[in-house]
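**Student:** Take a look at this one; I'll ask things after.
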Amino acid sequence: MKKILSTALLATALPFAANSFAAEYVIDTKGAHADILFSVSHLGYGWVNGRFNEFEGSFSYDADKPEASTVEVTINTKSVDSNHADRDKHLRGSDFLEVEKFPEATFKSTSFKMGEGKKATLMGDLTMHGVTKPVTIDVTMSGQGKDPWGGERIGFKGTTSIAMADYDIKMNLGAASANVDLSLFIEGVKKK
């Protein structure tokens, strides 16, 4: 089971591609060329950083109509990894993700807007912990082109921030720890 990160960032990278027709891409999780990372303040004193190790997703892109680009991502919430076994057990439990009850989080894009240069804004619905809320992802295109194996790739970085309370997360560690910053590093491989 794989997690779908707010890989909606993929959709924002799509408008930067040089293709002149609609193309379908798969997020390269098999080659470990994609990451969904999170960071949250620990009581205002330090930071807890982590990742979701299992996710999958895809996106479509048409250079002539980038606003029609779409992205879908599914994340395996059980794969949360903060590099600390006891903390990860706590994150999977009833205070946070409740992974037995909510084994997946999903992102589905709703719109895409190109900005200046390689910048774009991706909007979509993030469903996590049984709650669906709109999120906005700031996207920067990394690059696009052929790989050494005869394929075509697109890469981008996306960032957003979500409030845990918006997703009915029970644990309240105070104002300093209320929001989670997400960083998405995505590389898509064009389907043949």
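Residue numbering restarts at 1 in every chain; chains get A, B, ... in the order shown in the structure tokens, and ligands count up from 1 in that same order.
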Using DSSP on the backbone coordinates, identify the residues of range 17-154 of chain A assigned to strand (DSSP E or B); present them as number ranges by chain.
**Tutor:** A: 23-27, 35-42, 46-52, 55-61, 70-76, 80-81, 104-114, 119-128, 131-146, 152-154
**Student:** Would you save the residues of that selection, restricted to C-alpha atoms, as a JSON list (two decimals), in the first residue's frame?
**Tutor:**
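Once everything was written out, this is result30.json:
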```
[["chain", "number", "residue", "atom", "x", "y", "z"],
["A", 23, "ALA", "CA", 0.89, 13.43, -21.51],
["A", 24, "GLU", "CA", 0.45, 11.12, -18.54],
["A", 25, "TYR", "CA", 3.16, 10.75, -15.88],
["A", 26, "VAL", "CA", 3.71, 8.37, -12.97],
["A", 27, "ILE", "CA", 5.49, 9.61, -9.84],
["A", 35, "ASP", "CA", 9.73, 12.45, -1.35],
["A", 36, "ILE", "CA", 6.94, 13.71, 0.85],
["A", 37, "LEU", "CA", 8.56, 15.35, 3.86],
["A", 38, "PHE", "CA", 7.05, 17.05, 6.89],
["A", 39, "SER", "CA", 8.33, 19.37, 9.57],
["A", 40, "VAL", "CA", 6.61, 20.53, 12.75],
["A", 41, "SER", "CA", 7.85, 22.63, 15.63],
["A", 42, "HIS", "CA", 8.41, 20.66, 18.82],
["A", 46, "GLY", "CA", 13.09, 22.53, 18.08],
["A", 47, "TRP", "CA", 11.78, 20.58, 15.10],
["A", 48, "VAL", "CA", 10.49, 17.12, 14.33],
["A", 49, "ASN", "CA", 11.13, 16.15, 10.72],
["A", 50, "GLY", "CA", 9.90, 13.10, 8.92],
["A", 51, "ARG", "CA", 8.53, 11.56, 5.77],
["A", 52, "PHE", "CA", 5.98, 9.19, 4.35],
["A", 55, "PHE", "CA", 2.97, 6.74, -1.64],
["A", 56, "GLU", "CA", 2.03, 6.67, -5.31],
["A", 57, "GLY", "CA", 0.49, 9.02, -7.78],
["A", 58, "SER", "CA", 0.14, 10.24, -11.32],
["A", 59, "PHE", "CA", -0.53, 13.44, -13.20],
["A", 60, "SER", "CA", -1.45, 14.65, -16.68],
["A", 61, "TYR", "CA", -0.14, 17.69, -18.50],
["A", 70, "THR", "CA", -4.51, 17.05, -13.04],
["A", 71, "VAL", "CA", -2.77, 15.29, -10.15],
["A", 72, "GLU", "CA", -3.77, 12.43, -7.87],
["A", 73, "VAL", "CA", -1.69, 11.04, -5.02],
["A", 74, "THR", "CA", -2.34, 8.36, -2.39],
["A", 75, "ILE", "CA", -0.26, 8.08, 0.79],
["A", 76, "ASN", "CA", 0.04, 5.08, 3.07],
["A", 80, "VAL", "CA", 5.05, 7.71, 8.53],
["A", 81, "ASP", "CA", 8.71, 7.81, 9.57],
["A", 104, "GLU", "CA", -4.67, 6.38, 3.44],
["A", 105, "ALA", "CA", -4.43, 10.08, 2.78],
["A", 106, "THR", "CA", -5.21, 11.39, -0.70],
["A", 107, "PHE", "CA", -4.72, 14.50, -2.76],
["A", 108, "LYS", "CA", -6.77, 15.36, -5.86],
["A", 109, "SER", "CA", -6.09, 18.55, -7.75],
["A", 110, "THR", "CA", -8.88, 21.01, -8.48],
["A", 111, "SER", "CA", -7.00, 23.73, -10.39],
["A", 112, "PHE", "CA", -3.62, 24.81, -11.58],
["A", 113, "LYS", "CA", -2.38, 28.34, -12.25],
["A", 114, "MET", "CA", 0.88, 29.25, -13.89],
["A", 119, "LYS", "CA", 6.54, 29.07, -10.56],
["A", 120, "ALA", "CA", 2.96, 27.81, -10.33],
["A", 121, "THR", "CA", 0.15, 27.33, -7.85],
["A", 122, "LEU", "CA", -1.60, 23.99, -7.48],
["A", 123, "MET", "CA", -4.87, 23.74, -5.63],
["A", 124, "GLY", "CA", -6.64, 20.59, -4.57],
["A", 125, "ASP", "CA", -8.39, 18.60, -1.89],
["A", 126, "LEU", "CA", -6.34, 16.83, 0.76],
["A", 127, "THR", "CA", -8.18, 14.05, 2.58],
["A", 128, "MET", "CA", -6.53, 12.94, 5.78],
["A", 131, "VAL", "CA", -11.46, 15.04, 6.70],
["A", 132, "THR", "CA", -11.22, 16.72, 3.30],
["A", 133, "LYS", "CA", -9.94, 20.30, 3.09],
["A", 134, "PRO", "CA", -8.66, 22.47, 0.23],
["A", 135, "VAL", "CA", -4.91, 23.11, 0.14],
["A", 136, "THR", "CA", -2.74, 25.38, -1.97],
["A", 137, "ILE", "CA", 0.72, 24.21, -3.00],
["A", 138, "ASP", "CA", 3.43, 26.59, -4.21],
["A", 139, "VAL", "CA", 5.31, 24.81, -6.99],
["A", 140, "THR", "CA", 8.67, 25.36, -8.64],
["A", 141, "MET", "CA", 9.65, 23.41, -11.75],
["A", 142, "SER", "CA", 13.05, 21.70, -11.44],
["A", 143, "GLY", "CA", 13.47, 20.49, -15.00],
["A", 144, "GLN", "CA", 12.21, 18.29, -17.77],
["A", 145, "GLY", "CA", 13.77, 16.11, -20.47],
["A", 146, "LYS", "CA", 14.95, 12.70, -21.53],
["A", 152, "GLU", "CA", 11.02, 11.38, -20.34],
["A", 153, "ARG", "CA", 10.86, 13.00, -16.90],
["A", 154, "ILE", "CA", 9.58, 16.13, -15.18]]
```
**Student:** Pick from A:Gly174, A:Pro66, A:Gly151, A:Gly130: nearest to Glu100 in chain A, with only C-alpha atoms counted?
**Tutor:**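 Selected residue with least distance to Glu100 in chain A: A:Gly130.
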**Student:** Just the residues within 9 Å of Ser94 in chain A, please, counting only C-alpha atoms, with nothing from its chain fewer than 3 positions along; format it as a VMD selection string.
**Tutor:** chain A and resid 90 to 91 97 to 99 169 to 171
**Student:** Generate a file of the selected residues that holds C-alpha atoms, formatted as a short mmCIF file (atom, residue, chain, number, x, y, z; two decimals), in the first residue's frame.
**Tutor:**
```cif
data_model
loop_
_atom_site.label_atom_id
_atom_site.label_comp_id
_atom_site.auth_asym_id
_atom_site.auth_seq_id
_atom_site.Cartn_x
_atom_site.Cartn_y
_atom_site.Cartn_z
CA HIS A 90 2.52 7.61 18.73
CA LEU A 91 2.01 9.32 15.34
CA LEU A 97 -3.12 9.77 12.30
CA GLU A 98 -5.17 6.78 13.58
CA VAL A 99 -3.74 4.68 10.76
CA ILE A 169 -6.07 15.64 14.95
CA LYS A 170 -6.70 15.30 18.68
CA MET A 171 -3.25 16.10 20.04
#
```
**Student:** Could you check the closest approach to Thr160 in chain A for each of A:Tyr45, A:Asp95, A:Ser79, A:Asp181 and tell me which residue wins, using only C-alpha atoms?
**Tutor:**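 Checking each of A:Tyr45, A:Asp95, A:Ser79, A:Asp181 against Thr160 in chain A, counting only C-alpha atoms, the winner is A:Asp181.
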**Student:** Among range 8-128 of chain A, which ones does DSSP assign to helix (DSSP H, G or I) (computed from the backbone)? Answer as JSON, numbers by chain.
**Tutor:** {"A": [9, 10, 11, 12, 13, 14, 15, 16, 66, 67, 68, 77, 78, 79, 85, 86, 87, 88, 89, 90, 91, 92]}
**Student:** May I ask which of the residues A:His129, A:Gly115, A:Val180, A:Ser161 is the closest one to Arg92 in chain A, counting only C-alpha atoms?
**Tutor:**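 The closest residue to Arg92 in chain A is A:His129.
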**Student:** May I ask for the distance between CA of Asp28 in chain A and CA of Lys65 in chain A, given in Å to one decimal place?
**Tutor:**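 The value is 23.7 Å.
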